[in-house]
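The structure file upload39.txt is reproduced below (compact mmCIF, C-alpha atoms).
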```txt
# COMPACT_ATOMS: atom_id res chain seq x y z
CA GLY Y 1 80.10 27.96 -9.18
CA ARG Y 2 78.06 29.93 -11.71
CA VAL Y 3 74.33 30.21 -11.36
CA LYS Y 4 71.98 30.91 -14.22
CA ALA Y 5 68.39 32.08 -14.51
CA PRO Y 6 65.95 33.17 -17.20
CA ALA Y 7 66.58 36.82 -18.01
CA PRO Y 8 63.98 39.55 -18.42
CA PRO Y 9 63.07 40.04 -22.10
CA ALA Y 10 64.35 43.65 -22.15
CA PRO Y 11 68.12 44.18 -22.32
CA PHE Y 12 69.83 45.69 -19.27
CA ARG Y 13 73.31 46.94 -18.38
CA GLN Y 14 73.15 46.84 -14.58
CA LEU Y 15 72.45 44.17 -11.99
CA TYR Y 16 72.01 44.49 -8.22
CA VAL Y 17 72.36 41.55 -5.87
CA ASN Y 18 71.20 42.12 -2.29
CA GLY Y 19 71.36 45.88 -2.87
CA VAL Y 20 74.94 45.86 -4.21
CA ARG Y 21 75.68 46.71 -7.83
CA ALA Y 22 77.40 43.80 -9.53
CA PRO Y 23 79.91 44.45 -12.33
CA ARG Y 24 79.47 42.84 -15.73
CA ALA Y 25 82.02 40.18 -16.66
CA ARG Y 26 85.20 42.08 -17.47
CA GLY Y 27 88.80 41.28 -18.29
CA ALA Y 28 92.04 42.53 -19.73
CA VAL Y 29 92.32 43.53 -23.37
CA PRO Y 30 93.40 40.69 -25.67
CA ALA Y 31 97.10 40.02 -26.29
CA GLY Y 32 98.88 41.80 -29.11
CA LEU Y 33 96.16 44.41 -29.64
CA ALA Y 34 96.81 46.89 -32.47
CA PHE Y 35 94.70 49.40 -34.40
CA TRP Y 36 93.26 48.20 -37.71
CA GLY Y 37 91.31 49.92 -40.49
CA GLU Y 38 90.58 53.50 -41.45
CA HIS Y 39 88.60 56.27 -39.82
CA LYS Y 40 86.77 57.73 -42.81
CA ALA Y 41 83.27 59.14 -42.74
CA GLU Y 42 80.97 61.51 -44.52
CA ILE Y 43 79.34 64.01 -42.18
CA ARG Y 44 76.48 66.22 -43.32
CA ALA Y 45 74.99 68.97 -41.16
CA GLU Y 46 71.27 69.51 -41.59
CA GLU Y 47 70.37 73.14 -42.13
CA GLY Y 48 68.45 74.75 -39.30
CA ARG Y 49 69.18 71.97 -36.80
CA GLY Y 50 71.97 73.66 -34.83
CA GLY Y 51 74.81 71.46 -36.04
CA VAL Y 52 72.82 68.23 -35.89
CA GLY Y 53 73.32 66.08 -38.94
CA THR Y 54 74.04 62.64 -40.25
CA ILE Y 55 77.17 60.54 -40.39
CA ARG Y 56 77.96 57.74 -42.79
CA VAL Y 57 81.07 55.73 -42.01
CA LEU Y 58 82.95 54.84 -45.17
CA ALA Y 59 85.41 52.24 -43.87
CA GLU Y 60 85.61 49.51 -41.25
CA ALA Y 61 87.94 49.88 -38.30
CA GLY Y 62 88.81 48.26 -34.99
CA TYR Y 63 91.71 46.20 -33.72
CA THR Y 64 93.70 43.09 -34.50
CA SER Y 65 94.85 40.69 -31.79
CA THR Y 66 97.26 37.78 -31.69
CA ASP Y 67 94.79 35.94 -29.40
CA ALA Y 68 93.17 33.50 -31.86
CA SER Y 69 90.92 32.03 -29.14
CA LEU Y 70 88.64 35.08 -29.46
CA ALA Y 71 87.38 33.66 -32.76
CA HIS Y 72 85.52 30.98 -30.78
CA TRP Y 73 83.88 33.25 -28.20
CA ARG Y 74 80.11 33.13 -27.94
CA ASN Y 75 78.13 36.27 -28.92
CA PRO Y 76 81.03 38.42 -30.20
CA ASP Y 77 78.56 41.16 -31.18
CA ARG Y 78 77.86 41.71 -27.44
CA LEU Y 79 81.51 42.41 -26.54
CA GLU Y 80 82.46 45.94 -25.60
CA PHE Y 81 85.77 47.76 -25.27
CA GLY Y 82 86.02 50.27 -22.41
CA TYR Y 83 88.25 53.34 -22.37
CA PHE Y 84 89.23 55.66 -19.52
CA ASN Y 85 91.04 58.87 -20.41
CA SER Y 86 91.08 62.48 -19.20
CA GLY Y 87 88.11 61.97 -16.91
CA THR Y 88 85.95 60.30 -19.55
CA HIS Y 89 84.65 56.77 -19.92
CA ARG Y 90 83.81 55.51 -23.39
CA ILE Y 91 82.36 52.20 -24.48
CA CYS Y 92 82.60 50.83 -28.03
CA ARG Y 93 80.84 47.66 -29.11
CA VAL Y 94 82.45 44.93 -31.19
CA GLU Y 95 80.40 44.08 -34.29
CA ARG Y 96 82.13 40.84 -35.21
CA ILE Y 97 85.35 38.87 -34.84
CA VAL Y 98 87.09 37.63 -37.99
CA PRO Y 99 89.71 34.85 -37.76
CA GLU Y 100 93.02 35.68 -39.46
CA ALA Y 101 96.28 33.83 -40.01
CA ASN Y 102 98.02 35.49 -37.04
CA GLY Y 103 95.05 35.91 -34.69
CA VAL Y 104 91.78 37.80 -35.14
CA ARG Y 105 90.37 41.07 -36.39
CA LEU Y 106 87.85 42.75 -34.06
CA VAL Y 107 85.58 44.87 -36.24
CA THR Y 108 83.93 47.57 -34.13
CA ALA Y 109 80.37 48.84 -34.46
CA GLN Y 110 80.04 52.13 -36.28
CA PRO Y 111 79.58 55.05 -36.02
CA GLY Y 112 80.35 54.68 -32.29
CA PHE Y 113 83.99 53.69 -32.74
CA PHE Y 114 84.58 56.40 -35.36
CA LEU Y 115 83.11 59.05 -33.07
CA ALA Y 116 85.04 57.85 -30.00
CA CYS Y 117 88.31 57.99 -31.95
CA ARG Y 118 87.58 61.39 -33.52
CA LYS Y 119 85.94 63.30 -30.66
CA GLY Y 120 87.44 66.68 -29.92
CA GLY Y 121 89.40 66.99 -26.70
CA THR Y 122 89.98 63.33 -25.86
CA GLN Y 123 89.95 60.41 -28.22
CA ALA Y 124 89.70 56.70 -27.52
CA GLY Y 125 93.08 55.08 -28.00
CA MET Y 126 93.91 51.59 -26.85
CA PRO Y 127 91.13 50.18 -24.66
CA ASP Y 128 91.55 49.62 -20.95
CA TYR Y 129 89.33 46.54 -20.70
CA LEU Y 130 87.06 44.11 -22.54
CA GLU Y 131 83.59 43.50 -21.14
CA ASN Y 132 80.39 41.50 -21.55
CA ALA Y 133 81.42 37.97 -22.49
CA ILE Y 134 80.75 34.72 -20.69
CA GLU Y 135 84.39 33.86 -21.29
CA LEU Y 136 85.29 36.76 -18.95
CA LEU Y 137 83.01 35.61 -16.12
CA ASP Y 138 85.69 34.69 -13.56
CA GLU Y 139 85.38 36.97 -10.50
CA PRO Y 140 82.83 36.59 -7.70
CA GLY Y 141 80.06 39.16 -8.10
CA GLU Y 142 80.35 39.39 -11.89
CA TRP Y 143 77.47 38.65 -14.26
CA TYR Y 144 76.82 38.11 -17.95
CA LEU Y 145 73.59 38.45 -19.90
CA ASP Y 146 73.33 36.02 -22.82
CA GLN Y 147 70.57 38.02 -24.44
CA PRO Y 148 70.11 35.77 -27.51
CA ALA Y 149 69.58 32.77 -25.21
CA GLY Y 150 67.56 34.75 -22.65
CA THR Y 151 69.85 33.61 -19.81
CA LEU Y 152 71.54 35.53 -17.00
CA TYR Y 153 74.75 34.08 -15.51
CA TYR Y 154 76.12 35.17 -12.15
CA LEU Y 155 79.15 34.13 -10.11
CA PRO Y 156 78.09 34.50 -6.43
CA ARG Y 157 80.20 36.39 -3.93
CA PRO Y 158 81.44 34.42 -0.91
CA GLY Y 159 78.59 33.84 1.52
CA GLU Y 160 75.80 34.77 -0.92
CA ASP Y 161 72.86 32.40 -0.80
CA MET Y 162 71.21 32.65 -4.21
CA ALA Y 163 68.10 30.87 -2.89
CA THR Y 164 67.32 33.94 -0.76
CA ALA Y 165 69.12 36.70 -2.69
CA GLU Y 166 67.23 39.71 -4.03
CA VAL Y 167 68.33 40.26 -7.64
CA ILE Y 168 67.22 43.36 -9.53
CA ALA Y 169 67.82 43.97 -13.23
CA PRO Y 170 66.72 47.53 -14.07
CA VAL Y 171 65.18 47.69 -17.53
CA LEU Y 172 63.61 51.17 -17.63
CA THR Y 173 65.55 53.82 -19.54
CA THR Y 174 63.47 56.71 -18.19
CA LEU Y 175 61.52 57.05 -14.95
CA VAL Y 176 60.04 60.51 -15.45
```
Written as structure tokens, that's how I'd like the structure from this file.
Amino acid sequence: GRVKAPAPPAPFRQLYVNGVRAPRARGAVPAGLAFWGEHKAEIRAEEGRGGVGTIRVLAEAGYTSTDASLAHWRNPDRLEFGYFNSGTHRICRVERIVPEANGVRLVTAQPGFFLACRKGGTQAGMPDYLENAIELLDEPGEWYLDQPAGTLYYLPRPGEDMATAEVIAPVLTTLV
């Protein structure tokens, strides 16, 4: 039931079908998820920049999972973990998936994961969902952008006629 089409060359994070925002392919977090790695970084403030500085992450971190099937997922560097806590929504990208004897190691992209786990006030803990994988495309109205292949996949909602549907993929980051 999936349809596919050539995707615009610019990456995008939203898709509208017949004026309705469609969610990206999303699913539950993998089985047996546990923290892995260390949160170590070197942070240097730049004088005269009002607290702005540089960060250099010194160690890898992420999660382990007992779900070994993740090692065979397409485009693991496009996966994202989503977190909801205390009125915030954070997203951390997976950098790569490493097969291990008892499952996989999901190495997260830095410094995003470090900052999400160390932010004052609320920190990212265990994720609430996993998003942006073709393997998660299972609900009507969901979509997945296979950016390396330049292909958009969509699972139509009941009654949607893709031959006449208006599909909009916003690619501008700034209008004014």
Margin query: Excluding Leu15 of chain Y and its own-chain neighbours fewer than 5 positions away, which residues fall within 7 Å of it when counting all atoms listed in the file? Please give them as number ranges by chain.
Written below: Y: 21-22, 168-170
Please produce a file of the residues just selected, as a PDB file, in the frame of the given file, where the atoms kept are C-alpha atoms.
```pdb
ATOM      1  CA  ARG Y  21      75.680  46.710  -7.830  1.00  0.00           C
ATOM      2  CA  ALA Y  22      77.400  43.800  -9.530  1.00  0.00           C
ATOM      3  CA  ILE Y 168      67.220  43.360  -9.530  1.00  0.00           C
ATOM      4  CA  ALA Y 169      67.820  43.970 -13.230  1.00  0.00           C
ATOM      5  CA  PRO Y 170      66.720  47.530 -14.070  1.00  0.00           C
TER       6      PRO Y 170
END
```
Note to self: as a ChimeraX atom specification, please: the residues near segment 62-68 of chain Y (cut-off 8 Å, all atoms listed in the file, same-chain neighbours under 3 positions excluded).
What the structure shows: /Y:30-37,71,99-100,102-108,113
Margin query: At a cut-off of 7 Å, using only C-alpha atoms, what residues contact Tyr153 of chain Y? Leave out same-chain residues fewer than 6 positions from it and give the result as a list in words.
Written below: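 Counting only the stated atoms, we get Arg2, Val3, Lys4, Ala5, Trp143, Tyr144 and Leu145 of chain Y.
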Next item on the list: Tell me which of Y:Pro158, Y:Arg44, Y:Ala28, Y:Val167 sits closest to Met126 of chain Y, counting all atoms listed in the file.
Entry: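 Answer, going by the shortest atom-to-atom distance: Y:Ala28.
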Next item on the list: Using only C-alpha atoms, pick whichever of Y:Asn18, Y:Gln110, Y:Asn132, Y:Thr164 has the shortest atom-to-atom distance to Asn75 of chain Y.
Entry: Y:Asn132
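Straight-line separation from atom CA of Asp138 of chain Y to atom CA of Asp161 of chain Y: 18.2 Å.
Closest approach to Ile43 of chain Y among Y:Gly87, Y:Pro6, Y:Gly27, Y:Pro111: Y:Pro111, based on only C-alpha atoms.
If only C-alpha atoms are the atoms counted, then among Y:Arg56, Y:Arg24, Y:Arg96, Y:Arg118 the closest residue to Gly82 of chain Y is Y:Arg24.
Note that the spacing between atom CA of Gly1 of chain Y and atom CA of Gly141 of chain Y amounts to 11.3 Å.
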